[in-house]
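> Okay, handing you the structure first.
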Protein chains: 2
Amino acid sequence: MPQADQVQSAHHVVIVGGGFAGLYAAKSLGHPSVKVTVVDKRNFHLFQPLLYQVATGSVSPADISSPLRGILGRNSNTKVLLDEVLDLDPDSKNIILKGGVLSYDSLIMATGVSHHYFGNDQWQDIAPGLKTIEDALEMRRRIFSAFEAAEGERDPEQRKALLTFVVVGGGPTGVELAGAIAELANQTLKGDFRNIDTTEAEVILIEGLDRVLPPFAPELSSDAQDALARLGVRIRTGAMVTRIDPESVTIRCGDETEVIPSHTTLWAAGVKASRLGAVLAERTGAELDRSGRVIVQSDLSLPGHSDIFVVGDLAHFAHQGERPLPGVAPVAMQAGDYVAKLILKRLQGRTSEPFKYVDRGSMAVIGQNEAVVDLGFMKFSGPFAWFLWVFAHIYYLIEFDNKLVVMTQWAWNYFTRNRGARLITGLEAVRRTDGAVPQASAKV
Amino acid sequence: MPQADQVQSAHHVVIVGGGFAGLYAAKSLGHPSVKVTVVDKRNFHLFQPLLYQVATGSVSPADISSPLRGILGRNSNTKVLLDEVLDLDPDSKNIILKGGVLSYDSLIMATGVSHHYFGNDQWQDIAPGLKTIEDALEMRRRIFSAFEAAEGERDPEQRKALLTFVVVGGGPTGVELAGAIAELANQTLKGDFRNIDTTEAEVILIEGLDRVLPPFAPELSSDAQDALARLGVRIRTGAMVTRIDPESVTIRCGDETEVIPSHTTLWAAGVKASRLGAVLAERTGAELDRSGRVIVQSDLSLPGHSDIFVVGDLAHFAHQGERPLPGVAPVAMQAGDYVAKLILKRLQGRTSEPFKYVDRGSMAVIGQNEAVVDLGFMKFSGPFAWFLWVFAHIYYLIEFDNKLVVMTQWAWNYFTRNRGARLITGLEAVRRTDGAVPQASAKV
């Protein structure tokens, strides 16, 4: 816990959450006029855009994670506190942690989002989502265990169901996951098994809207669908999932219902705000949107609480009646940086313009040499888009922590088409003979 | 499961265990005159000598593991079966797996060893050992969580206990662990914390005999002790552990008893044979030694069962009244290779000489630029020994799988003194406020 004397000596900014938003705020607050405490449940920052590569065995968790203390070690005004926020009291300006109470002068909440099963929380154990390292390791375990189980399965129908992978949600995460699993089956694992042909594995991508990558321009969605089809991914658009059980997924397209036998269903469909959104609403009177995100003012603070800011995926920012900003890393980074500068200006008696997101474009990767890039003034797909995607991601990885290793790993994988991190860890690797999927409750 | 028709077409060798012994046997059996099935509970081979680097956050699990299917993919006569052996029937020549029954013509058992707490199994949860990836991640979690908890602890005595790390056992694993934790505290984490000075952390190495590295020559033990002392490790030789609880370790040196307050105790003291040793003894009448290892004949087969071989750490091989061979990788590799060649020769009607281990020397690493090497005709320590150690380990890593990344990681760590893999994963990272150590039962 920070010592009281240190806190009193300067304006104390408490940042809850060490994701992109919290980290960019902390970095921009490396100024002697403030004391900063970053509170996180985990001791590392996670580069979430590459989590699907952990799930499909390309890179290791540590390759896309950086210890928060390492990143912020040079900011001598900044402390990192490994703790969990339970509640807050805006009147006394305190947050209540598992390990004690922490007072703040300014509070930046950036605890992000988790999965949303749209009222079907019972699907959570059957169709895990992808937000944490543990989620990714659980997906990795299921994907590789399914191939192993198929190798030992004599019944052709069961074998087919074991080799069918359903990805629910056609946004960037779903597209990346589907593409990576298809590459795994068609290239990496080819020849590793004796009783099954991994190239017969089927990857099915389910999307409720009429095209994948709905936030992108229609021509890029179309390019992405073509590229996925070349990888062998079956795309079902306009399809709603109505039921998921351990051995099948039921979808409805229009009036027709289809049951897809599959032992491995992965969830990439929806997000909801982390628990602290509701806590903030209750304690400050702030409003929440349908996903539980906190509706913020034009300077990212809460109504009536100019000392409390919400940034990153937890925030619903809809300036001048526009659609709310998407939950992507660039928005989080810019918002974190904005709030940090606002606080520093405020201490100098200066005011700030409302937050304005500068959209430098968006991109999604589909597979080796395949990506789509929308720079606004220019839209393209193919190998050059892929190189741009790799370059942008390496750039950000290096910014935090010299992740030389990730670059080497990628280069190596690119030339060898190998995936070295395909370990099955955690729960028992050996499937029960009844073929039941182990419950995800005992997290890896 | 292998199909019956395939098995009948050639002599079927079943290898249980994909460690060094099993893998070297499988590699040497890549010959069309035999069919080979490798059975393992895990889908990867683990390079155990570097497990301590996972435990101390230098490398990721996947960096020292290779998928068995990848390693053996080119041996078209070889199948990998992810399954667990429950029992065997030497009369019908069958092994009983979780997933079914598998018949063999020759059986090679190589399931290794696990921790031995010398009748104090209750210490297992408090002082975890280091044999599996999950063990190493649990150690990593405890080591880094202890520093985090110390940062938040106001009571000076509790803080000191949190910053005291006790390693039980002065063999190579214990020495490597103690050295790596000392380097972590003195170098890597220096400056990362605000309330604690990590260089004040104390690492205590407990050894029951009168010197560390007892299998090595006394002058090398002495060099190792000097090097450990330079890193700040306190060595207690001639000390027996009499009690371990979550907040302290009690040792007895001669007539004196000492209680060391410590929240992190790591076990590197003893091993016992895996469960299948006892199964083998019961089914074949083979004898076990005190550690449960199976006493093998001069050709590594079992008395009265010339078709069953035991190799690696599970075997007790004491040719001509000598001390049994140590449980190290080179013995396992040579034994696996020997049995493979014996089986191939036997199919040609030829006989084999008794197994003879060629000792090319042993080495142990203490820290950066510090190792001890005993080549028999030559003993030395210091930077050159360290380079030789690195070279030998990289050589073996590359032999299995082009672990280019590990080399890069090592080179990077060497120049930056950084440890990128210091993630706290699995169980809750946030310590309970009562300071209790979470139980290890919910494995990461």
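Following the order of the structure tokens, first chain is A, next is B, and so on, with residues numbered from 1 inside each chain and ligands from 1 in the order they appear.
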Name all residues at most 7 Å from His115 of chain A (count only C-alpha atoms; drop same-chain ones fewer than 5 positions away) and give them as a list in words.

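Once the adjacent positions are removed, what remains is Gly129, Gly270, Val271 and Lys272 of chain A.
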
> I want to know what sits within 10 Å of Ala332 of chain B, based on only C-alpha atoms, with residues of the same chain fewer than 4 positions away left out; could you give that as a PyMOL selection string?

chain B and resi 19-25+110+112+311-315+325-328+336-338+357

> According to DSSP computed on the backbone, where in segment 97-282 of chain A is there alpha helix (DSSP H)? Give the residues as a ChimeraX atom specification.

/A:133-151,156-162,172-183,218-230,276-282

> Using only C-alpha atoms, which residues sit within 12 Å of Glu287 of chain B once same-chain residues fewer than 6 positions away are excluded, as a tab-separated table (two decimals) with N, CA and C atoms, in the first residue's frame?


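This went into part_30.tsv:
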chain	number	residue	atom	x	y	z
B	277	GLY	N	6.13	-47.79	-11.78
B	277	GLY	CA	7.16	-48.66	-11.22
B	277	GLY	C	6.54	-49.76	-10.38
B	278	ALA	N	5.63	-49.37	-9.51
B	278	ALA	CA	4.96	-50.34	-8.64
B	278	ALA	C	4.09	-51.30	-9.44
B	279	VAL	N	3.43	-50.77	-10.48
B	279	VAL	CA	2.61	-51.63	-11.34
B	279	VAL	C	3.49	-52.69	-12.01
B	280	LEU	N	4.64	-52.26	-12.52
B	280	LEU	CA	5.57	-53.19	-13.16
B	280	LEU	C	6.00	-54.28	-12.18
B	281	ALA	N	6.34	-53.85	-10.94
B	281	ALA	CA	6.80	-54.82	-9.94
B	281	ALA	C	5.71	-55.85	-9.66
B	293	ARG	N	12.30	-47.18	-7.86
B	293	ARG	CA	12.78	-47.41	-9.22
B	293	ARG	C	12.90	-48.91	-9.48
B	294	VAL	N	12.71	-49.31	-10.74
B	294	VAL	CA	12.68	-50.72	-11.09
B	294	VAL	C	14.10	-51.21	-11.36
B	295	ILE	N	14.51	-52.26	-10.66
B	295	ILE	CA	15.87	-52.80	-10.84
B	295	ILE	C	15.90	-53.63	-12.11
B	296	VAL	N	16.74	-53.20	-13.04
B	296	VAL	CA	16.76	-53.83	-14.37
B	296	VAL	C	17.99	-54.72	-14.51
B	297	GLN	N	17.94	-55.60	-15.51
B	297	GLN	CA	19.08	-56.48	-15.80
B	297	GLN	C	20.11	-55.72	-16.65
B	302	LEU	N	13.56	-56.70	-17.84
B	302	LEU	CA	13.18	-57.18	-16.53
B	302	LEU	C	13.42	-58.68	-16.42
B	303	PRO	N	13.77	-59.17	-15.23
B	303	PRO	CA	14.02	-60.61	-15.05
B	303	PRO	C	12.80	-61.43	-15.48
B	304	GLY	N	13.02	-62.40	-16.35
B	304	GLY	CA	11.92	-63.26	-16.81
B	304	GLY	C	11.02	-62.61	-17.84
B	315	ALA	N	14.41	-46.39	-14.11
B	315	ALA	CA	15.23	-47.60	-14.01
B	315	ALA	C	16.32	-47.46	-12.95
B	316	HIS	N	16.57	-48.52	-12.25
B	316	HIS	CA	17.71	-48.63	-11.34
B	316	HIS	C	18.68	-49.60	-12.02
B	317	PHE	N	19.76	-49.06	-12.56
B	317	PHE	CA	20.74	-49.89	-13.27
B	317	PHE	C	22.04	-49.83	-12.50

> Which of these residues is nearest to chain A, using only C-alpha atoms: B:Arg283, B:Lys379, B:Arg69, B:Arg230?

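The closest residue to chain A is B:Arg69.
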
> What does the distance from atom CA of Asp83 of chain A to atom CA of Gly119 of chain A come to in Å, to one decimal?

29.6 Å

> One number please: atom CA of Ala227 of chain A to atom CA of Val358 of chain A, in Å, one decimal.

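Atom-to-atom, atom CA of Ala227 of chain A to atom CA of Val358 of chain A, that is 29.1 Å.
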
> Do you know which residues are at most 12 Å from Glu157 of chain B counting only C-alpha atoms, after dropping those on the same chain fewer than 3 positions away, and could you put them as a list in words?

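Near neighbours after the sequence-gap exclusion: Ala150, Glu153, Arg154, Lys160, Ala161, Leu162, Leu163, Thr164, Glu247, Ile260, Pro261, Ser262 and His263 of chain B.
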
> Can I get the selected residues back with C-alpha atoms, as a PDB file, in the first residue's frame?


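Result went into again19.pdb, see below:
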ATOM      1  CA  ALA B 150       6.084  -7.740   0.277  1.00  0.00           C
ATOM      2  CA  GLU B 153       3.158  -5.335   3.525  1.00  0.00           C
ATOM      3  CA  ARG B 154       3.719  -2.767   6.286  1.00  0.00           C
ATOM      4  CA  LYS B 160      11.200  -9.990   5.647  1.00  0.00           C
ATOM      5  CA  ALA B 161       9.500 -13.401   5.670  1.00  0.00           C
ATOM      6  CA  LEU B 162       7.908 -12.617   2.297  1.00  0.00           C
ATOM      7  CA  LEU B 163      11.341 -11.713   0.933  1.00  0.00           C
ATOM      8  CA  THR B 164      12.947 -14.937   2.209  1.00  0.00           C
ATOM      9  CA  GLU B 247       5.127 -19.107   7.011  1.00  0.00           C
ATOM     10  CA  ILE B 260      13.452 -19.600   9.289  1.00  0.00           C
ATOM     11  CA  PRO B 261      10.449 -17.322   8.676  1.00  0.00           C
ATOM     12  CA  SER B 262       9.714 -17.698   4.946  1.00  0.00           C
ATOM     13  CA  HIS B 263       6.550 -17.649   2.859  1.00  0.00           C
TER      14      HIS B 263
END
